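For reference, the structure is listed below as structure tokens.
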Amino acid sequence: MNKQLKPRTLELDSIANIQYKKKTFIITEAEFDNSTNNYQKLDNRGEKSNNKFFYLEKRKLYLQVLVDGKLRLYKSRFNDNIKFFMDNKDGVIIPLLYKRYFIPRPSYYMGHDFAKENNFYQQQLLNEAPCRDKKGRLVFPEYKELNLVAHFKKLNDGKCN
């Protein structure tokens with residue numbers, strides 16, 4: 001090992017991807033919704049947590065490549081929120097939009113607020129990455145890493161009808 005090597009500073013724009021412990025990360029600018037899907041944190045976030053709408057913002061993100069192939073699946077962790085992304089048919093990285101939100105109870109109602117989900121990512125998968133089972137039914141994975149990875153591997157391996 002050469003002890004005379006000096007550290008080099010690289011501009012962020014000059015880095016395309018990073019390999020670290022058999023994981024590949026890319027650095028790209030992408031739109032995403034940074035609202036939390038953690039039930040314990042939902043009620044403290046105000047208006048963003050009390051409606052089904054996505055608040056998209058454009059940021060430079062480190063995306064981990066979870067599935068490589070014709071249709072790629074990515075994961076990001078930003079402010080402790082895990083979000084998933086995919087390549088659309090045009091090769092543009094888009095967020096898979098999923099959101100948990102609270103419906104606040106009216107003041108006259110006794111009981112708890114309740115949570116709902118906006119599963120827009122299912123419509124995105126239908127448009128960009130449809131997968132049918134052997135009986136011809138559309139299959140939508142849960143918005144969890146293992147389920148989405150299995151879905152994209154199945155797609156890339158040609159196992160969808």
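By convention here, the chains of the structure tokens are called A, B, ... in the order presented, each chain's residues are numbered starting at 1, and ligands are numbered starting at 1 in the order presented.
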
Given only C-alpha atoms, how would the per-residue table for stretch 61-137 of chain A near stretch 146-149 of chain A read, listing every residue at most 12 Å away with its closest atom pair and distance in Å to one decimal, sorted by chain and number, as JSON lines?
{"residue": "A:Val65", "atom": "CA", "partner": "A:Val149", "partner_atom": "CA", "distance": 10.3}
{"residue": "A:Leu66", "atom": "CA", "partner": "A:Val149", "partner_atom": "CA", "distance": 6.7}
{"residue": "A:Val67", "atom": "CA", "partner": "A:Val149", "partner_atom": "CA", "distance": 6.4}
{"residue": "A:Asp68", "atom": "CA", "partner": "A:Val149", "partner_atom": "CA", "distance": 10.0}
{"residue": "A:Gly69", "atom": "CA", "partner": "A:Val149", "partner_atom": "CA", "distance": 11.7}
{"residue": "A:Leu71", "atom": "CA", "partner": "A:Val149", "partner_atom": "CA", "distance": 11.1}
{"residue": "A:Arg72", "atom": "CA", "partner": "A:Val149", "partner_atom": "CA", "distance": 9.5}
{"residue": "A:Leu73", "atom": "CA", "partner": "A:Val149", "partner_atom": "CA", "distance": 7.2}
{"residue": "A:Tyr74", "atom": "CA", "partner": "A:Val149", "partner_atom": "CA", "distance": 9.2}
{"residue": "A:Lys75", "atom": "CA", "partner": "A:Val149", "partner_atom": "CA", "distance": 10.2}
{"residue": "A:Lys83", "atom": "CA", "partner": "A:Leu148", "partner_atom": "CA", "distance": 11.4}
{"residue": "A:Phe84", "atom": "CA", "partner": "A:Leu148", "partner_atom": "CA", "distance": 8.7}
{"residue": "A:Phe85", "atom": "CA", "partner": "A:Leu148", "partner_atom": "CA", "distance": 10.2}
{"residue": "A:Met86", "atom": "CA", "partner": "A:Leu148", "partner_atom": "CA", "distance": 10.2}
{"residue": "A:Leu96", "atom": "CA", "partner": "A:Leu148", "partner_atom": "CA", "distance": 10.3}
{"residue": "A:Tyr121", "atom": "CA", "partner": "A:Leu148", "partner_atom": "CA", "distance": 10.7}
{"residue": "A:Gln122", "atom": "CA", "partner": "A:Leu148", "partner_atom": "CA", "distance": 11.0}
{"residue": "A:Leu125", "atom": "CA", "partner": "A:Leu148", "partner_atom": "CA", "distance": 10.3}
{"residue": "A:Ala129", "atom": "CA", "partner": "A:Leu148", "partner_atom": "CA", "distance": 11.2}
{"residue": "A:Cys131", "atom": "CA", "partner": "A:Leu148", "partner_atom": "CA", "distance": 11.7}

Restricting it to C-alpha atoms, dump the selection as a compact mmCIF listing (two decimals), in the first residue's frame.
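Ended up saving to again35.txt:
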# COMPACT_ATOMS: atom_id res chain seq x y z
CA VAL A 65 -29.77 0.67 -7.03
CA LEU A 66 -31.88 -2.21 -5.72
CA VAL A 67 -32.67 -3.88 -9.05
CA ASP A 68 -30.64 -3.33 -12.19
CA GLY A 69 -32.00 -4.20 -15.60
CA LEU A 71 -36.48 -1.25 -15.46
CA ARG A 72 -34.41 -0.21 -12.47
CA LEU A 73 -35.62 0.16 -8.90
CA TYR A 74 -33.93 2.60 -6.52
CA LYS A 75 -34.16 3.45 -2.84
CA LYS A 83 -38.65 6.29 -0.61
CA PHE A 84 -38.51 4.23 -3.78
CA PHE A 85 -37.90 5.33 -7.36
CA MET A 86 -37.95 3.69 -10.77
CA LEU A 96 -42.99 5.78 -6.67
CA TYR A 121 -47.51 4.08 -6.97
CA GLN A 122 -49.86 1.27 -8.04
CA LEU A 125 -46.68 0.52 -11.90
CA ALA A 129 -44.26 -1.67 -15.16
CA CYS A 131 -47.11 -7.42 -14.12

All residues 8 Å or closer to A:Asp133, only C-alpha atoms, same chain fewer than 5 positions away omitted, as a tab-separated table (two decimals) with C-alpha atoms, in the first residue's frame:
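And here's selection15.tsv as it stands now:
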chain	number	residue	atom	x	y	z
A	138	LEU	CA	-52.62	-7.52	-12.18
A	139	VAL	CA	-50.28	-7.90	-9.25
A	160	CYS	CA	-44.79	-11.40	-16.00
A	161	ASN	CA	-47.56	-12.25	-18.43

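The closest residue to A:Arg59, picked from A:Leu97, A:Leu126, A:Val92, A:Ile27 and counting only C-alpha atoms, is A:Ile27.
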
Considering only C-alpha atoms, state which residue in the set A:Lys70, A:Lys52, A:Lys153, A:Lys135 is at the smallest distance from A:Lys116. A:Lys52

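The gap separating atom CA of A:Thr28 from atom CA of A:Glu145 is 20.2 Å, in Å to one decimal.
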
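Atom CA of A:Arg77 is found 8.0 Å from atom CA of A:Leu63.
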
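Take the candidates A:Glu31, A:Ser76, A:Gly136, A:Pro130 and check each one against A:Lys89 using only C-alpha atoms; the shortest distance goes to A:Pro130.
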